[in-house]
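Read through the structure below, which is laid out as structure tokens, and then see the notes.
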Amino acid sequence: MLTPGVSLLSGYSSPVTDYVIFRQSDAALSTPFEPGGTQNWVQTLFSGTRPFVDTSGGQALLAASGNYASSSGTTSFTVNAAPAAPSITSGNAPTFTVGTAGTFTVGTAGTFTVTATGSPAPTFSKPRSTEIPTVIGPSEV
Amino acid sequence: MEGRPGEKELRSQIGPRRRLSDGPSVDRCGSGFRRLRPQPGDVVAVGGDTPQYALGLLSDGDTSGDAGFNSAGGVNRLATFNATPDGNGRSAYTNSATTGGPSVALNPTDVLRAGTPPVQRVSSSGNAISALLADTGSQETINFIFSASLPTVANDTTAANLGWGFLHIVEIGTDSVQIAAATTTNAPSGGLTAAELLQIYTSNSAIQSNQVTGAGDSSTAVVIPEIPPSGSSIYKTFIAAPTLGSIVKTVEQNDPTTVTGSSSPANTIAPFSSARLNLWNDGYFHNPATAFPGVGC
């Protein structure tokens, strides 16, 4: 056994949390971690019904590592972006200016693209057909 | 060519494609086996120094006999790669005798999956999230990371843009950053407050114990403040906004020898993981200068 030769002073103490982080898409995998099993690896280890990390054995190992396990077991959460108002970011098409009516030439195909940012992500809807020529169709919006 | 009986028996149990090799995570006293390089069905994790032992023990068990996940003998296994290349949590450096110059930090490598070449070892929580977001192949190399830092909103946006939905976070345990000092220290018995630490860690000139506001110390000994590298979670937890003073020395994270081996141990302080010190005090680490099987193994 090797003794550290140091100790912690009283006074300053700042909490640290240990996390595991993975792709949300993996949490929905249909492939079981063990052949013949029912839980994928995320569910088996961290985030399912009674995952390994929440078993008494898992909690004992976390304690053995010097950490303090949560008394209520593991907690899952996500980091979400702060809400942001939608904002149109696309440039202006040659004949369409944001906020200004534009024109197409009859008999000549034309397209335009609209992009925008915001959180949650903005969605687009096509104006009613009375407000836009039906020859454009929804696929161009 | 036939190997020894034990080798043949092992091959027959695990199939011809598996082979023995150096392990992907920390070697532990009493573990009794060498690790297999991760296969396609195995779950691979990389991460930061502070939580590395928590994940290592979860995968393989502890020295008190608590069984890890892999002890169940499942077909697929959990393989965790430590941030540090050394079982005692130390970093790697170039050999000054070989290079003829001062030792500098080495970039150790790992083989994360069987049949793949060595890649740069993930050495911090910050590196880990970057590595996960860069793992965009059709087959995942890194399945998850362990970290003492949360991902940023930008990280989450990147994950969404990659079609992952978002980054799923599971809190598994808590730790704390406190100030470590030598067992025999000139630090005040009542410890140091955040204000006193701010005074010390932002000083650009030598600061004596009796100059630390409110410490109530009459000693004229010069304080040696230490800090781990800026990419470490201990650094990020300890240092919020202030600019470090020029007297602060950058040292390895969570390594008590940075205090005990300093030029003046009694006057040296360093932020330290309480969980790591718990592990030390539980007798997990043994003297690396003692040859196998080491003391107490």
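How things are named: the first chain in the structure tokens is A, the next is B, and so on; residues count from 1 in each chain; ligands count from 1 in the order shown.
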Which residues of chain A are close to chain B, meaning at most 8 Å apart when you count only C-alpha atoms, and how do they look as a ChimeraX atom specification? /A:1-26,33-35,41,46-47,52-53,57-58,60-62,64-70,73-81
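DSSP, applied to the backbone of this structure, assigns strand (DSSP E or B) to the following residues of range 13-131 of chain B: Leu20, Leu36, Val43, Val44, Ala45, Val46, Gly47, Leu78, Ala79, Thr80, Phe81, Tyr93, Ala105, Thr109, Asp110, Val119 and Gln120 of chain B.
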Next, dump the selected residues to file, keeping only C-alpha atoms, as a compact mmCIF listing (two decimals), in the first residue's frame.
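Saved file result.txt follows:
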```txt
# COMPACT_ATOMS: atom_id res chain seq x y z
CA LEU B 20 -4.55 -12.00 -25.90
CA LEU B 36 -8.82 -8.75 -24.76
CA VAL B 43 -18.93 -1.40 -25.53
CA VAL B 44 -15.95 0.97 -25.52
CA ALA B 45 -15.61 4.05 -23.37
CA VAL B 46 -12.98 6.77 -23.04
CA GLY B 47 -12.99 9.73 -20.73
CA LEU B 78 -17.45 -3.25 -21.29
CA ALA B 79 -13.99 -1.85 -22.03
CA THR B 80 -12.97 1.43 -20.47
CA PHE B 81 -9.80 3.27 -21.39
CA TYR B 93 6.66 11.85 -20.63
CA ALA B 105 4.42 15.35 -22.14
CA THR B 109 -1.89 5.85 -27.78
CA ASP B 110 -4.52 3.15 -27.43
CA VAL B 119 -4.85 6.25 -31.86
CA GLN B 120 -4.07 9.12 -29.54
```
Excluding Val248 in chain B and residues on its chain fewer than 2 positions from it, collect all residues at most 7 Å away from it, counting only C-alpha atoms, and give them as a ChimeraX atom specification. /B:201,225-227,244-246,250
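CA of Ser203 in chain B is found 17.0 Å from CA of Tyr235 in chain B.
CA of Gln39 in chain B sits 27.0 Å away from CA of Ser91 in chain B.
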Compile the contact shell of Gln199 in chain B as a list in words: residues with an atom at most 12 Å away, counting only C-alpha atoms, same-chain residues fewer than 6 positions apart removed.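 Near neighbours after the sequence-gap exclusion: Leu192, Thr193, Ser205, Ala206, Ile207, Gln208, Ser209, Gln211, Val212, Thr213, Gly214, Ala215, Val223, Pro225, Pro242, Thr243, Leu244, Gly245, Ile247 and Val248 of chain B.
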Take the residues just selected and output them with N, CA and C atoms as a tab-separated table (two decimals), in the first residue's frame.
```tsv
chain	number	residue	atom	x	y	z
B	192	LEU	N	-8.34	26.93	3.99
B	192	LEU	CA	-8.31	28.18	3.22
B	192	LEU	C	-9.68	28.42	2.60
B	193	THR	N	-10.10	29.66	2.66
B	193	THR	CA	-11.38	30.01	2.06
B	193	THR	C	-11.19	30.28	0.58
B	205	SER	N	3.43	37.59	-7.68
B	205	SER	CA	4.68	37.66	-6.93
B	205	SER	C	4.60	36.71	-5.75
B	206	ALA	N	5.75	36.28	-5.30
B	206	ALA	CA	5.79	35.32	-4.20
B	206	ALA	C	4.94	35.80	-3.03
B	207	ILE	N	4.19	34.91	-2.48
B	207	ILE	CA	3.29	35.28	-1.41
B	207	ILE	C	3.57	34.40	-0.19
B	208	GLN	N	3.73	35.05	0.94
B	208	GLN	CA	4.04	34.34	2.18
B	208	GLN	C	2.75	33.97	2.90
B	209	SER	N	2.84	32.97	3.74
B	209	SER	CA	1.65	32.52	4.48
B	209	SER	C	1.04	33.67	5.27
B	211	GLN	N	0.89	36.62	4.54
B	211	GLN	CA	0.30	37.65	3.67
B	211	GLN	C	-1.07	37.24	3.15
B	212	VAL	N	-1.44	36.01	3.45
B	212	VAL	CA	-2.74	35.54	2.98
B	212	VAL	C	-3.81	36.09	3.90
B	213	THR	N	-4.68	36.87	3.34
B	213	THR	CA	-5.69	37.55	4.13
B	213	THR	C	-6.50	36.58	4.97
B	214	GLY	N	-6.54	36.82	6.26
B	214	GLY	CA	-7.41	36.06	7.13
B	214	GLY	C	-6.91	34.68	7.50
B	215	ALA	N	-5.77	34.28	6.99
B	215	ALA	CA	-5.29	32.94	7.29
B	215	ALA	C	-4.81	32.83	8.73
B	223	VAL	N	4.31	30.37	-0.16
B	223	VAL	CA	3.33	29.38	-0.58
B	223	VAL	C	3.60	28.96	-2.03
B	225	PRO	N	1.55	27.43	-4.90
B	225	PRO	CA	0.26	26.96	-5.40
B	225	PRO	C	0.44	26.17	-6.69
B	242	PRO	N	-10.92	33.73	-12.92
B	242	PRO	CA	-9.69	34.48	-12.70
B	242	PRO	C	-8.53	33.99	-13.55
B	243	THR	N	-7.65	34.93	-13.85
B	243	THR	CA	-6.42	34.61	-14.55
B	243	THR	C	-5.40	34.17	-13.53
B	244	LEU	N	-4.79	33.03	-13.77
B	244	LEU	CA	-3.82	32.51	-12.82
B	244	LEU	C	-2.61	33.42	-12.71
B	245	GLY	N	-2.08	33.54	-11.50
B	245	GLY	CA	-0.87	34.30	-11.29
B	245	GLY	C	0.34	33.54	-11.78
B	247	ILE	N	2.94	32.76	-10.28
B	247	ILE	CA	3.61	31.88	-9.31
B	247	ILE	C	2.98	30.49	-9.29
B	248	VAL	N	1.88	30.32	-10.01
B	248	VAL	CA	1.18	29.02	-9.99
B	248	VAL	C	1.92	28.03	-10.90
```
Please return, as a PyMOL selection string, all residues of range 39-145 of chain B that DSSP assigns to helix (DSSP H, G or I) on the basis of the backbone. chain B and resi 52-60+69-72+96-99+125-134
Suppose we keep N, CA and C atoms; can you now write the selection as a compact mmCIF listing (two decimals), in the first residue's frame?
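Contents of again_14.txt, as written:
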```txt
# COMPACT_ATOMS: atom_id res chain seq x y z
N GLN B 52 -12.19 8.14 -14.08
CA GLN B 52 -11.70 6.93 -14.75
C GLN B 52 -11.73 5.69 -13.86
N TYR B 53 -11.46 5.85 -12.59
CA TYR B 53 -11.45 4.67 -11.73
C TYR B 53 -12.86 4.18 -11.44
N ALA B 54 -13.81 5.09 -11.39
CA ALA B 54 -15.20 4.69 -11.19
C ALA B 54 -15.63 3.75 -12.32
N LEU B 55 -15.32 4.12 -13.55
CA LEU B 55 -15.72 3.29 -14.69
C LEU B 55 -14.88 2.03 -14.77
N GLY B 56 -13.61 2.13 -14.41
CA GLY B 56 -12.75 0.96 -14.43
C GLY B 56 -13.23 -0.11 -13.46
N LEU B 57 -13.62 0.33 -12.27
CA LEU B 57 -14.11 -0.63 -11.29
C LEU B 57 -15.48 -1.17 -11.70
N LEU B 58 -16.33 -0.33 -12.27
CA LEU B 58 -17.63 -0.82 -12.74
C LEU B 58 -17.46 -1.93 -13.77
N SER B 59 -16.46 -1.81 -14.61
CA SER B 59 -16.30 -2.82 -15.65
C SER B 59 -15.68 -4.10 -15.10
N ASP B 60 -14.70 -3.97 -14.23
CA ASP B 60 -13.92 -5.16 -13.87
C ASP B 60 -13.90 -5.51 -12.39
N PHE B 69 -19.02 -5.55 -14.00
CA PHE B 69 -19.98 -5.98 -15.03
C PHE B 69 -19.44 -7.17 -15.82
N ASN B 70 -18.16 -7.12 -16.18
CA ASN B 70 -17.61 -8.18 -17.01
C ASN B 70 -17.48 -9.51 -16.28
N SER B 71 -17.58 -9.48 -14.98
CA SER B 71 -17.47 -10.72 -14.21
C SER B 71 -18.62 -11.67 -14.48
N ALA B 72 -19.72 -11.15 -15.02
CA ALA B 72 -20.86 -12.00 -15.31
C ALA B 72 -20.59 -12.95 -16.46
N SER B 96 14.14 11.93 -21.21
CA SER B 96 15.13 12.99 -21.43
C SER B 96 16.49 12.42 -21.78
N ALA B 97 16.75 11.20 -21.28
CA ALA B 97 18.04 10.59 -21.61
C ALA B 97 18.11 10.25 -23.10
N THR B 98 16.96 9.93 -23.69
CA THR B 98 16.93 9.59 -25.10
C THR B 98 16.93 10.84 -25.97
N THR B 99 16.14 11.81 -25.56
CA THR B 99 15.99 13.00 -26.40
C THR B 99 17.12 14.00 -26.18
N SER B 125 -11.70 14.98 -19.95
CA SER B 125 -13.13 15.01 -20.24
C SER B 125 -13.40 15.83 -21.50
N GLY B 126 -12.68 16.94 -21.65
CA GLY B 126 -12.86 17.78 -22.83
C GLY B 126 -12.48 17.05 -24.11
N ASN B 127 -11.36 16.33 -24.05
CA ASN B 127 -10.95 15.54 -25.22
C ASN B 127 -11.99 14.45 -25.52
N ALA B 128 -12.60 13.93 -24.47
CA ALA B 128 -13.52 12.81 -24.66
C ALA B 128 -14.76 13.23 -25.44
N ILE B 129 -15.32 14.37 -25.10
CA ILE B 129 -16.52 14.79 -25.84
C ILE B 129 -16.16 15.09 -27.29
N SER B 130 -14.98 15.65 -27.51
CA SER B 130 -14.54 15.91 -28.88
C SER B 130 -14.38 14.60 -29.66
N ALA B 131 -13.83 13.61 -28.98
CA ALA B 131 -13.61 12.32 -29.64
C ALA B 131 -14.94 11.66 -29.98
N LEU B 132 -15.89 11.72 -29.06
CA LEU B 132 -17.20 11.11 -29.32
C LEU B 132 -17.85 11.77 -30.53
N LEU B 133 -17.79 13.09 -30.58
CA LEU B 133 -18.43 13.81 -31.69
C LEU B 133 -17.69 13.59 -33.01
N ALA B 134 -16.43 13.19 -32.92
CA ALA B 134 -15.66 12.92 -34.14
C ALA B 134 -15.80 11.47 -34.59
```
Using only C-alpha atoms, the residue out of B:Ser124, B:Thr158, B:Ser103, B:Thr94 with shortest distance to Ser232 in chain B is B:Ser124
